[in-house]
file entry.csv (CSV, C-alpha atoms)
chain,number,residue,atom,x,y,z
A,138,MET,CA,-13.8,35.2,-13.7
A,139,PRO,CA,-14.3,31.8,-15.3
A,140,PRO,CA,-16.2,29.4,-13.1
A,141,LYS,CA,-14.1,27.1,-11.0
A,142,LYS,CA,-13.8,23.5,-12.3
A,143,ALA,CA,-15.9,21.1,-10.3
A,144,ALA,CA,-13.6,18.8,-8.2
A,145,ALA,CA,-13.2,15.4,-9.8
A,146,ALA,CA,-15.0,12.7,-7.9
A,147,GLU,CA,-12.6,10.7,-5.7
A,148,LYS,CA,-11.8,7.3,-7.3
A,149,LYS,CA,-13.0,4.4,-5.2
A,150,VAL,CA,-10.3,2.2,-3.9
A,151,LEU,CA,-11.1,-1.5,-4.4
A,152,LEU,CA,-11.3,-4.0,-1.5
A,153,GLY,CA,-8.6,-6.6,-1.6
A,154,ARG,CA,-4.9,-6.9,-2.6
A,155,PRO,CA,-3.7,-4.4,-5.2
A,156,SER,CA,-2.5,-7.2,-7.6
A,157,ASN,CA,-3.3,-8.6,-11.0
A,158,ASN,CA,-2.4,-12.1,-9.9
A,159,LEU,CA,-5.4,-12.9,-7.8
A,160,LYS,CA,-6.7,-16.3,-6.6
A,161,ILE,CA,-10.1,-17.7,-5.8
A,162,GLY,CA,-10.5,-20.5,-3.2
A,163,ILE,CA,-13.2,-23.3,-3.3
A,164,VAL,CA,-14.7,-23.4,0.2
A,165,GLY,CA,-17.4,-25.5,1.8
A,166,LEU,CA,-18.1,-28.2,4.4
A,167,PRO,CA,-16.7,-31.6,3.8
A,168,ASN,CA,-18.4,-33.8,1.2
A,169,VAL,CA,-20.4,-31.1,-0.6
A,170,GLY,CA,-18.6,-31.7,-3.9
A,171,LYS,CA,-15.7,-29.2,-3.6
A,172,SER,CA,-12.9,-31.5,-4.8
A,173,SER,CA,-15.0,-33.1,-7.5
A,174,PHE,CA,-15.9,-29.6,-8.7
A,175,PHE,CA,-12.3,-28.6,-8.7
A,176,ASN,CA,-11.4,-31.7,-10.7
A,177,VAL,CA,-13.9,-31.0,-13.5
A,178,LEU,CA,-13.1,-27.3,-13.5
A,179,SER,CA,-9.4,-27.9,-13.8
A,180,ASP,CA,-9.8,-31.1,-15.9
A,181,THR,CA,-7.5,-32.9,-13.5
A,182,ASP,CA,-7.7,-35.3,-10.5
A,183,LEU,CA,-5.5,-33.1,-8.3
A,184,GLY,CA,-8.3,-32.6,-5.7
A,185,LYS,CA,-8.7,-35.7,-3.5
A,186,ALA,CA,-12.4,-36.5,-4.0
A,187,ALA,CA,-13.2,-39.0,-1.3
A,188,ASN,CA,-16.3,-39.8,0.8
A,189,PHE,CA,-14.9,-38.7,4.2
A,190,PRO,CA,-14.0,-35.4,5.8
A,191,TYR,CA,-10.6,-33.8,5.2
A,192,ALA,CA,-9.8,-35.8,2.1
A,193,THR,CA,-8.2,-32.5,0.9
A,194,ILE,CA,-5.6,-31.2,3.4
A,195,ASN,CA,-3.0,-29.4,1.3
A,196,PRO,CA,-4.8,-27.0,-1.1
A,197,GLU,CA,-4.4,-27.8,-4.7
A,198,GLU,CA,-4.0,-25.1,-7.3
A,199,ALA,CA,-4.9,-24.9,-11.0
A,200,ARG,CA,-5.1,-22.1,-13.7
A,201,ILE,CA,-8.5,-22.2,-15.4
A,202,PRO,CA,-8.9,-20.6,-18.8
A,203,VAL,CA,-11.7,-17.9,-18.7
A,204,PRO,CA,-14.1,-18.3,-21.7
A,205,ASP,CA,-14.3,-15.2,-23.8
A,206,ALA,CA,-16.1,-14.9,-27.2
A,207,ARG,CA,-13.9,-11.8,-28.0
A,208,PHE,CA,-10.7,-13.8,-27.6
A,209,ASP,CA,-12.1,-16.5,-29.9
A,210,TRP,CA,-13.0,-14.0,-32.6
A,211,LEU,CA,-9.6,-12.3,-32.4
A,212,CYS,CA,-7.9,-15.7,-32.9
A,213,ASP,CA,-10.1,-16.4,-35.9
A,214,LEU,CA,-9.1,-12.9,-37.3
A,215,TYR,CA,-5.4,-13.1,-36.7
A,216,LYS,CA,-4.9,-16.9,-37.0
A,217,PRO,CA,-1.9,-16.7,-34.6
A,218,ALA,CA,0.7,-19.3,-34.0
A,219,SER,CA,0.1,-19.0,-30.3
A,220,ARG,CA,-3.1,-18.4,-28.4
A,221,VAL,CA,-3.1,-17.5,-24.7
A,222,PRO,CA,-6.5,-16.8,-23.0
A,223,ALA,CA,-7.0,-15.1,-19.6
A,224,PHE,CA,-6.7,-17.5,-16.6
A,225,LEU,CA,-8.3,-17.7,-13.2
A,226,THR,CA,-6.2,-19.2,-10.5
A,227,CYS,CA,-8.3,-21.6,-8.5
A,228,ILE,CA,-7.5,-23.4,-5.2
A,229,ASP,CA,-9.2,-26.4,-3.6
A,230,ILE,CA,-9.3,-25.9,0.1
A,231,ALA,CA,-9.9,-28.5,2.9
A,232,GLY,CA,-13.5,-28.8,4.1
A,233,LEU,CA,-14.5,-26.5,7.1
A,234,THR,CA,-16.5,-27.7,10.1
A,235,ALA,CA,-18.3,-26.0,12.9
A,236,GLY,CA,-15.7,-24.8,15.4
A,237,ALA,CA,-13.0,-24.2,12.8
A,238,SER,CA,-12.4,-20.7,14.2
A,239,THR,CA,-11.2,-22.2,17.4
A,240,GLY,CA,-9.1,-24.8,15.6
A,241,ALA,CA,-11.6,-27.7,15.4
A,242,GLY,CA,-10.9,-30.3,12.7
A,243,LEU,CA,-8.4,-28.7,10.4
A,244,GLY,CA,-9.7,-25.2,11.3
A,245,ASN,CA,-6.6,-23.2,11.7
A,246,ALA,CA,-5.0,-24.6,8.5
A,247,PHE,CA,-8.3,-24.2,6.6
A,248,LEU,CA,-8.7,-20.5,7.6
A,249,SER,CA,-5.0,-19.7,6.8
A,250,HIS,CA,-5.6,-21.0,3.3
A,251,VAL,CA,-8.8,-18.9,3.0
A,252,ARG,CA,-6.8,-15.9,4.2
A,253,ALA,CA,-4.3,-16.5,1.4
A,254,VAL,CA,-6.9,-16.3,-1.5
A,255,ASP,CA,-8.7,-13.2,-2.7
A,256,GLY,CA,-12.2,-14.5,-3.4
A,257,ILE,CA,-14.3,-17.4,-2.5
A,258,PHE,CA,-16.4,-20.0,-4.4
A,259,GLN,CA,-18.6,-21.3,-1.7
A,260,VAL,CA,-20.0,-24.8,-2.7
A,261,VAL,CA,-23.3,-25.5,-1.1
A,262,ARG,CA,-24.8,-29.1,-1.1
A,263,ALA,CA,-28.4,-29.3,-2.1
A,264,PHE,CA,-28.6,-32.9,-3.3
A,265,ASP,CA,-29.5,-36.0,-1.3
A,266,ASP,CA,-27.3,-39.1,-1.7
A,267,ALA,CA,-27.2,-41.8,1.0
A,268,GLU,CA,-23.8,-42.9,-0.2
A,269,VAL,CA,-22.2,-39.5,0.3
A,270,ILE,CA,-22.1,-38.8,4.0
A,271,HIS,CA,-22.7,-35.3,5.4
A,272,VAL,CA,-20.5,-34.2,8.2
A,273,GLU,CA,-23.5,-32.7,10.0
A,274,GLY,CA,-25.7,-35.8,9.5
A,275,ASP,CA,-28.2,-34.5,7.0
A,276,VAL,CA,-28.5,-32.1,4.1
A,277,ASP,CA,-29.4,-28.6,5.1
A,278,PRO,CA,-27.8,-25.9,2.9
A,279,LEU,CA,-29.0,-23.0,5.1
A,280,ARG,CA,-27.3,-24.5,8.2
A,281,ASP,CA,-24.1,-25.1,6.2
A,282,MET,CA,-24.0,-21.5,4.9
A,283,GLU,CA,-24.6,-20.3,8.5
A,284,ILE,CA,-21.7,-22.4,9.8
A,285,ILE,CA,-19.3,-21.0,7.2
A,286,GLN,CA,-20.4,-17.4,7.7
A,287,THR,CA,-20.2,-17.8,11.5
A,288,GLU,CA,-16.7,-19.3,11.4
A,289,LEU,CA,-15.3,-16.7,9.0
A,290,ARG,CA,-16.8,-13.9,11.0
A,291,LEU,CA,-15.6,-15.3,14.4
A,292,LYS,CA,-12.0,-15.6,13.0
A,293,ASP,CA,-12.2,-12.0,11.8
A,294,ILE,CA,-13.5,-10.8,15.2
A,295,GLU,CA,-10.5,-12.6,16.9
A,296,TRP,CA,-8.1,-11.1,14.4
A,297,VAL,CA,-9.5,-7.6,14.7
A,298,GLU,CA,-9.6,-7.8,18.6
A,299,LYS,CA,-5.9,-8.6,18.6
A,300,HIS,CA,-5.0,-5.9,16.2
A,301,LEU,CA,-7.1,-3.3,18.1
A,302,ASP,CA,-5.5,-4.3,21.4
A,303,GLY,CA,-2.0,-3.7,19.9
A,304,LEU,CA,-3.0,-0.4,18.4
A,305,LYS,CA,-4.5,0.8,21.7
A,306,ARG,CA,-1.4,-0.2,23.7
A,307,THR,CA,0.8,1.9,21.4
A,308,GLY,CA,-1.8,4.6,21.1
A,309,ARG,CA,-1.8,5.7,24.7
A,310,SER,CA,1.0,8.1,24.2
A,311,LEU,CA,-0.4,9.7,21.0
A,312,GLY,CA,-0.7,13.5,20.9
A,313,ASN,CA,-2.7,15.8,18.6
A,314,ASN,CA,0.0,17.7,16.9
A,315,SER,CA,1.9,15.4,14.5
A,316,LEU,CA,0.4,14.1,11.3
A,317,ALA,CA,1.6,10.6,12.2
A,318,ASP,CA,-0.3,10.7,15.5
A,319,LYS,CA,-3.4,11.9,13.8
A,320,ALA,CA,-3.1,9.1,11.2
A,321,LYS,CA,-2.7,6.5,13.9
A,322,LYS,CA,-5.8,7.8,15.7
A,323,GLU,CA,-7.8,7.5,12.5
A,324,GLU,CA,-6.6,4.0,12.0
A,325,ILE,CA,-7.7,3.1,15.6
A,326,ALA,CA,-11.1,4.6,14.9
A,327,THR,CA,-11.4,2.6,11.6
A,328,VAL,CA,-10.5,-0.7,13.3
A,329,GLU,CA,-13.1,0.0,16.0
A,330,LYS,CA,-15.7,0.6,13.3
A,331,ILE,CA,-14.7,-2.7,11.7
A,332,TYR,CA,-15.1,-4.4,15.0
A,333,LYS,CA,-18.5,-2.9,15.6
A,334,ALA,CA,-19.6,-4.0,12.1
A,335,LEU,CA,-18.6,-7.6,12.8
A,336,THR,CA,-20.0,-7.8,16.4
A,337,VAL,CA,-22.8,-5.3,17.0
A,338,ASP,CA,-24.1,-5.0,13.4
A,339,GLY,CA,-23.5,-8.6,12.5
A,340,LYS,CA,-22.3,-7.8,9.0
A,341,ASP,CA,-19.6,-9.2,6.8
A,342,VAL,CA,-16.9,-6.5,6.1
A,343,ARG,CA,-17.5,-6.5,2.4
A,344,LYS,CA,-21.2,-5.5,3.0
A,345,CYS,CA,-20.3,-2.3,4.8
A,346,GLU,CA,-19.8,1.2,3.4
A,347,TRP,CA,-16.1,2.4,3.7
A,348,ASN,CA,-14.4,5.5,2.4
A,349,ASN,CA,-11.0,5.2,0.7
A,350,LYS,CA,-8.9,5.7,3.8
A,351,GLU,CA,-10.9,3.1,5.7
A,352,ILE,CA,-10.6,0.6,2.8
A,353,GLU,CA,-6.8,0.9,3.0
A,354,VAL,CA,-7.0,-0.2,6.7
A,355,VAL,CA,-9.5,-3.0,5.8
A,356,ASN,CA,-7.1,-4.2,3.1
A,357,SER,CA,-4.2,-4.2,5.5
A,358,LEU,CA,-6.0,-6.7,7.7
A,359,THR,CA,-6.7,-9.3,5.0
A,360,LEU,CA,-10.1,-10.2,6.6
A,361,LEU,CA,-12.0,-13.3,5.6
A,362,THR,CA,-15.4,-11.6,5.4
A,363,ALA,CA,-13.9,-8.8,3.1
A,364,LYS,CA,-13.4,-11.4,0.3
A,365,PRO,CA,-16.1,-11.6,-2.4
A,366,ILE,CA,-18.2,-14.8,-2.3
A,367,THR,CA,-19.9,-16.5,-5.2
A,368,TYR,CA,-22.4,-19.2,-4.0
A,369,LEU,CA,-22.3,-22.4,-6.1
A,370,VAL,CA,-25.3,-24.6,-5.3
A,371,ASN,CA,-24.5,-28.3,-6.1
A,372,LEU,CA,-27.7,-30.0,-7.3
A,373,SER,CA,-28.4,-33.6,-8.5
A,374,GLU,CA,-28.2,-33.9,-12.3
A,375,LYS,CA,-32.0,-34.5,-12.4
A,376,ASP,CA,-32.8,-31.3,-10.4
A,377,TYR,CA,-30.3,-29.2,-12.4
A,378,ILE,CA,-31.8,-30.3,-15.8
A,379,ARG,CA,-35.4,-29.7,-14.7
A,380,LYS,CA,-34.3,-26.5,-12.9
A,381,LYS,CA,-36.2,-27.5,-9.7
A,382,ASN,CA,-35.0,-28.0,-6.2
A,383,LYS,CA,-36.7,-27.6,-2.8
A,384,TRP,CA,-33.7,-25.6,-1.4
A,385,LEU,CA,-33.0,-23.1,-4.2
A,386,ALA,CA,-35.6,-20.4,-3.2
A,387,LYS,CA,-34.6,-20.8,0.4
A,388,ILE,CA,-30.9,-20.4,-0.4
A,389,LYS,CA,-31.7,-17.3,-2.5
A,390,GLY,CA,-33.7,-15.9,0.5
A,391,TRP,CA,-30.8,-16.6,2.9
A,392,ILE,CA,-28.4,-14.7,0.6
A,393,ASP,CA,-30.8,-11.8,0.2
A,394,ALA,CA,-31.2,-11.5,4.0
A,395,HIS,CA,-27.5,-12.0,5.0
A,396,ASN,CA,-25.3,-11.0,2.0
A,397,PRO,CA,-27.5,-9.2,-0.5
A,398,GLY,CA,-26.0,-8.9,-4.0
A,399,ASP,CA,-23.8,-11.9,-3.8
A,400,PRO,CA,-24.2,-14.1,-6.9
A,401,LEU,CA,-25.8,-17.5,-6.8
A,402,ILE,CA,-25.1,-20.1,-9.5
A,403,PRO,CA,-26.8,-23.5,-9.5
A,404,PHE,CA,-24.8,-26.3,-11.1
A,405,SER,CA,-24.4,-30.1,-10.9
A,406,VAL,CA,-21.1,-31.8,-10.2
A,407,SER,CA,-22.5,-35.1,-11.4
A,408,LEU,CA,-23.6,-33.7,-14.7
A,409,GLU,CA,-20.2,-31.9,-15.1
A,410,GLU,CA,-18.4,-35.2,-14.4
A,411,ARG,CA,-20.5,-37.1,-16.9
A,412,LEU,CA,-19.8,-34.4,-19.6
A,413,ALA,CA,-16.1,-34.4,-18.8
A,414,GLN,CA,-15.8,-38.1,-19.7
A,415,LEU,CA,-17.3,-37.6,-23.2
A,416,PRO,CA,-15.2,-36.9,-26.3
A,417,GLU,CA,-15.5,-33.3,-27.4
A,418,ASP,CA,-18.0,-33.8,-30.2
A,419,GLU,CA,-20.2,-36.0,-28.0
A,420,ARG,CA,-20.0,-33.4,-25.2
A,421,ALA,CA,-21.2,-30.7,-27.5
A,422,GLU,CA,-24.1,-33.0,-28.6
A,423,ALA,CA,-25.1,-33.9,-25.1
A,424,GLN,CA,-25.3,-30.2,-24.1
A,425,LYS,CA,-28.0,-29.7,-26.8
A,426,GLU,CA,-30.4,-31.6,-24.5
A,427,PRO,CA,-32.8,-29.2,-22.7
A,428,GLY,CA,-31.2,-28.0,-19.4
A,429,ALA,CA,-28.0,-30.1,-19.8
A,430,GLN,CA,-25.6,-27.2,-20.5
A,431,SER,CA,-22.4,-27.1,-18.5
A,432,ALA,CA,-22.2,-24.2,-16.0
A,433,LEU,CA,-18.3,-24.2,-15.7
A,434,GLY,CA,-17.8,-21.3,-18.1
A,435,LYS,CA,-20.4,-19.2,-16.3
A,436,ILE,CA,-18.8,-20.0,-12.9
A,437,THR,CA,-15.3,-19.2,-14.1
A,438,GLN,CA,-16.4,-15.8,-15.5
A,439,ALA,CA,-18.3,-15.0,-12.3
A,440,GLY,CA,-15.2,-15.7,-10.2
A,441,TYR,CA,-13.0,-13.6,-12.5
A,442,SER,CA,-15.5,-10.7,-12.3
A,443,SER,CA,-16.0,-11.0,-8.5
A,444,LEU,CA,-12.3,-10.1,-8.2
A,445,ASP,CA,-12.7,-6.9,-10.2
A,446,LEU,CA,-10.5,-8.4,-13.0
A,447,ILE,CA,-10.7,-7.3,-16.6
A,448,ARG,CA,-8.5,-8.1,-19.6
A,449,TYR,CA,-6.9,-6.4,-22.5
A,450,PHE,CA,-5.5,-8.0,-25.7
A,451,THR,CA,-2.3,-7.9,-27.7
A,452,CYS,CA,-2.8,-9.3,-31.2
A,453,GLY,CA,-0.6,-10.3,-34.1
A,454,PRO,CA,0.2,-13.3,-36.4
A,455,ASP,CA,2.6,-14.6,-33.7
A,456,GLU,CA,0.3,-14.5,-30.8
A,457,VAL,CA,-3.1,-13.4,-29.6
A,458,ARG,CA,-3.0,-13.0,-25.8
A,459,ALA,CA,-5.4,-11.8,-23.1
A,460,TRP,CA,-3.7,-10.0,-20.2
A,461,THR,CA,-5.4,-9.9,-16.8
A,462,ILE,CA,-5.5,-6.6,-14.9
A,463,ARG,CA,-7.7,-5.1,-12.2
A,464,LYS,CA,-10.3,-2.5,-12.9
A,465,GLY,CA,-8.9,1.0,-12.7
A,466,THR,CA,-5.4,0.0,-13.9
A,467,LYS,CA,-3.6,2.8,-15.8
A,468,ALA,CA,-1.8,2.2,-19.1
A,469,PRO,CA,1.8,2.1,-17.8
A,470,GLN,CA,0.9,-0.5,-15.2
A,471,ALA,CA,-1.1,-2.5,-17.8
A,472,ALA,CA,2.0,-2.5,-20.0
A,473,GLY,CA,4.1,-3.6,-17.0
A,474,VAL,CA,2.1,-6.9,-16.8
A,475,ILE,CA,3.9,-7.9,-20.0
A,476,HIS,CA,7.4,-6.7,-18.8
A,477,SER,CA,8.5,-4.2,-16.2
A,478,ASP,CA,10.5,-2.3,-18.8
A,479,PHE,CA,7.3,-1.5,-20.6
A,480,GLU,CA,6.1,0.3,-17.5
A,481,ASN,CA,9.4,1.9,-16.5
A,482,LYS,CA,10.1,3.2,-20.0
A,483,PHE,CA,6.5,3.8,-21.0
A,484,VAL,CA,6.0,6.3,-23.8
A,485,CYS,CA,2.4,5.7,-24.9
A,486,GLY,CA,-0.1,3.0,-26.0
A,487,GLU,CA,-1.9,2.7,-29.3
A,488,ILE,CA,-5.4,1.5,-28.3
A,489,MET,CA,-8.4,0.4,-30.1
A,490,THR,CA,-11.6,-1.1,-28.8
A,491,TYR,CA,-12.6,-4.7,-29.6
A,492,GLU,CA,-16.0,-3.3,-30.8
A,493,ASP,CA,-14.3,-1.0,-33.3
A,494,LEU,CA,-12.1,-3.7,-34.7
A,495,LYS,CA,-15.1,-6.1,-35.0
A,496,GLU,CA,-17.1,-3.3,-36.7
A,497,HIS,CA,-14.4,-2.3,-39.2
A,498,GLY,CA,-12.8,-5.7,-39.7
A,499,SER,CA,-9.1,-4.9,-39.8
A,500,GLU,CA,-6.5,-2.7,-38.0
A,501,ALA,CA,-6.0,-0.6,-41.2
A,502,THR,CA,-9.7,0.3,-41.5
A,503,VAL,CA,-9.9,1.1,-37.8
A,504,LYS,CA,-7.0,3.5,-38.3
A,505,ALA,CA,-8.5,5.0,-41.4
A,506,ALA,CA,-11.7,5.6,-39.4
A,507,GLY,CA,-9.7,7.5,-36.8
A,508,LYS,CA,-10.5,5.0,-34.1
A,509,LEU,CA,-6.9,4.0,-33.2
A,510,ARG,CA,-6.0,6.3,-30.3
A,511,GLN,CA,-2.7,7.2,-28.7
A,512,GLN,CA,-3.0,7.1,-24.9
A,513,GLY,CA,-0.6,8.4,-22.3
A,514,LYS,CA,0.2,7.6,-18.7
A,515,PRO,CA,-3.2,8.9,-17.3
A,516,TYR,CA,-5.3,6.5,-19.5
A,517,GLU,CA,-7.4,4.0,-17.5
A,518,MET,CA,-7.7,0.7,-19.3
A,519,VAL,CA,-11.1,-0.5,-20.4
A,520,ASP,CA,-12.1,-4.2,-20.6
A,521,GLY,CA,-11.6,-5.5,-24.1
A,522,ASP,CA,-9.0,-2.8,-25.2
A,523,ILE,CA,-6.5,-4.0,-27.8
A,524,ALA,CA,-3.1,-2.4,-27.1
A,525,TYR,CA,0.3,-1.9,-28.7
A,526,TRP,CA,2.8,-0.4,-26.3
A,527,LYS,CA,5.6,2.0,-27.1
A,528,SER,CA,8.5,2.3,-24.7
A,529,GLY,CA,11.8,4.2,-24.7
call {"tool": "encode", "arguments": {"input": "entry.csv", "output": "structure tokens"}}
result
Amino acid sequence: MPPKKAAAAEKKVLLGRPSNNLKIGIVGLPNVGKSSFFNVLSDTDLGKAANFPYATINPEEARIPVPDARFDWLCDLYKPASRVPAFLTCIDIAGLTAGASTGAGLGNAFLSHVRAVDGIFQVVRAFDDAEVIHVEGDVDPLRDMEIIQTELRLKDIEWVEKHLDGLKRTGRSLGNNSLADKAKKEEIATVEKIYKALTVDGKDVRKCEWNNKEIEVVNSLTLLTAKPITYLVNLSEKDYIRKKNKWLAKIKGWIDAHNPGDPLIPFSVSLEERLAQLPEDERAEAQKEPGAQSALGKITQAGYSSLDLIRYFTCGPDEVRAWTIRKGTKAPQAAGVIHSDFENKFVCGEIMTYEDLKEHGSEATVKAAGKLRQQGKPYEMVDGDIAYWKSG
């Protein structure tokens, strides 16, 4: 008898909403530079940058182009009439204060806005400026990070407690025979495990190990601590250029102790604001100075990656376009991002990699080299694929 095939490893379900249209929220205490950062990131003055708490009440939203050298190269090759890069949707959220989880300040509104996004840029203030008041009286990034982590976790505990109470009330009459009853019992056990992680273990939900069934329950709860966080440390321009700040090592130590693996990116809103005011040629020249490079591209890419987003390209003389999808997306669903008919009437995709096109120089030579592949419904898209869809 031929040996049995080894069972395929179960594909890991991703934390978060199963969507390609994901959003990232800018979060932090008041007056840490959130709205000023949003303004330079989005090149607008939508965010109300003001020297008092709660200057931003209604969250502002902008679509930020994600820098990509591959997209630029494809545009140079095809010279299309239209160029559409990948975008990251970014939202400026009102400043949080201690006690937000119980409704202090604009706590309830703030936390509902955080619940509506899929990832978090947490802006941490590490600059001294007597003219910019700090809501807690003095600059202490570790205390600020602790406040935000505590408030998000307390709100999750409250949310999970309510959900668990409801499940237990309806679960008293559950038997052991039906599949539905067994599934409900498993759900209760998972929610109890989430509650223990938040309360007893003192962990954010995204830092725990979950199996696929448990992740489906976690995702249904839209928990605040399940969202990926990228820490953005706002330095003075002087500290950013010289790459020295008394808080940076301590902030890194706090992240390693509390949320290991979360990315940390130092930047300077004051430098970004100065660069934004310069004409494009002068801006490029200013960034040749040692240490004076803008961090906005790096931040945008980090936010995009934190949401498990990738992109594929469609290319031609009319348009070069980057299409955003989540990791693990199959070919028909990737085609459906362009139009639902492409998914519903999917036949196949003609796929080549960006690397093959760059190596061979043209579609014809890629095809001649046997590197243009026809892929069917099971194909899982890879970041940087170049696709032509065929539908019936």
call {"tool": "atom_distance", "arguments": {"input": "entry.csv", "atom1": "CA of Thr359 in chain A", "atom2": "CA of Asp293 in chain A"}}
result
9.2 Å
call {"tool": "residues_near_point", "arguments": {"input": "entry.csv", "point": "(-6.5, 3.4, -21.8)", "cutoff": "7 Å", "atoms": "all atoms listed in the file", "output": "list in words"}}
result
Lys467, Ala468, Ile488, Gln512, Tyr516, Glu517, Met518 and Val519 of chain A
call {"tool": "closest_atom_pairs", "arguments": {"input": "entry.csv", "of": "range 450-473 of chain A", "to": "range 199-214 of chain A", "cutoff": "10 Å", "atoms": "all atoms listed in the file", "output": "CSV"}}
result
residue,atom,partner,partner_atom,distance
A:Phe450,CA,A:Phe208,CA,8.0
A:Thr451,CA,A:Leu211,CA,9.7
A:Cys452,CA,A:Leu211,CA,7.5
A:Gly453,CA,A:Cys212,CA,9.2
A:Pro454,CA,A:Cys212,CA,9.1
A:Glu456,CA,A:Cys212,CA,8.5
A:Val457,CA,A:Cys212,CA,6.3
A:Arg458,CA,A:Phe208,CA,7.9
A:Ala459,CA,A:Phe208,CA,7.2
call {"tool": "closest_residue", "arguments": {"input": "entry.csv", "among": "A:Thr226, A:Ser156, A:Gln470, A:Ser405", "to": "Asn371 in chain A", "atoms": "only C-alpha atoms"}}
result
A:Ser405
call {"tool": "residues_around", "arguments": {"input": "entry.csv", "residues": "Gly339 in chain A", "least_positions_apart": "5", "cutoff": "12 Å", "atoms": "only C-alpha atoms", "output": "JSON, numbers by chain"}}
result
{"A": [286, 287, 290, 291, 293, 294, 331, 332, 333, 334, 344, 345, 362, 394, 395, 396]}
call {"tool": "closest_residue", "arguments": {"input": "entry.csv", "among": "A:Val251, A:Leu178, A:Glu295, A:Lys383", "to": "Gly434 in chain A", "atoms": "all atoms listed in the file"}}
result
A:Leu178
call {"tool": "residues_around", "arguments": {"input": "entry.csv", "residues": "Ile388 in chain A", "least_positions_apart": "3", "cutoff": "12 Å", "atoms": "all atoms listed in the file", "output": "PyMOL selection string"}}
result
chain A and resi 260-263+277-283+368-371+382-385+391-397+399-403
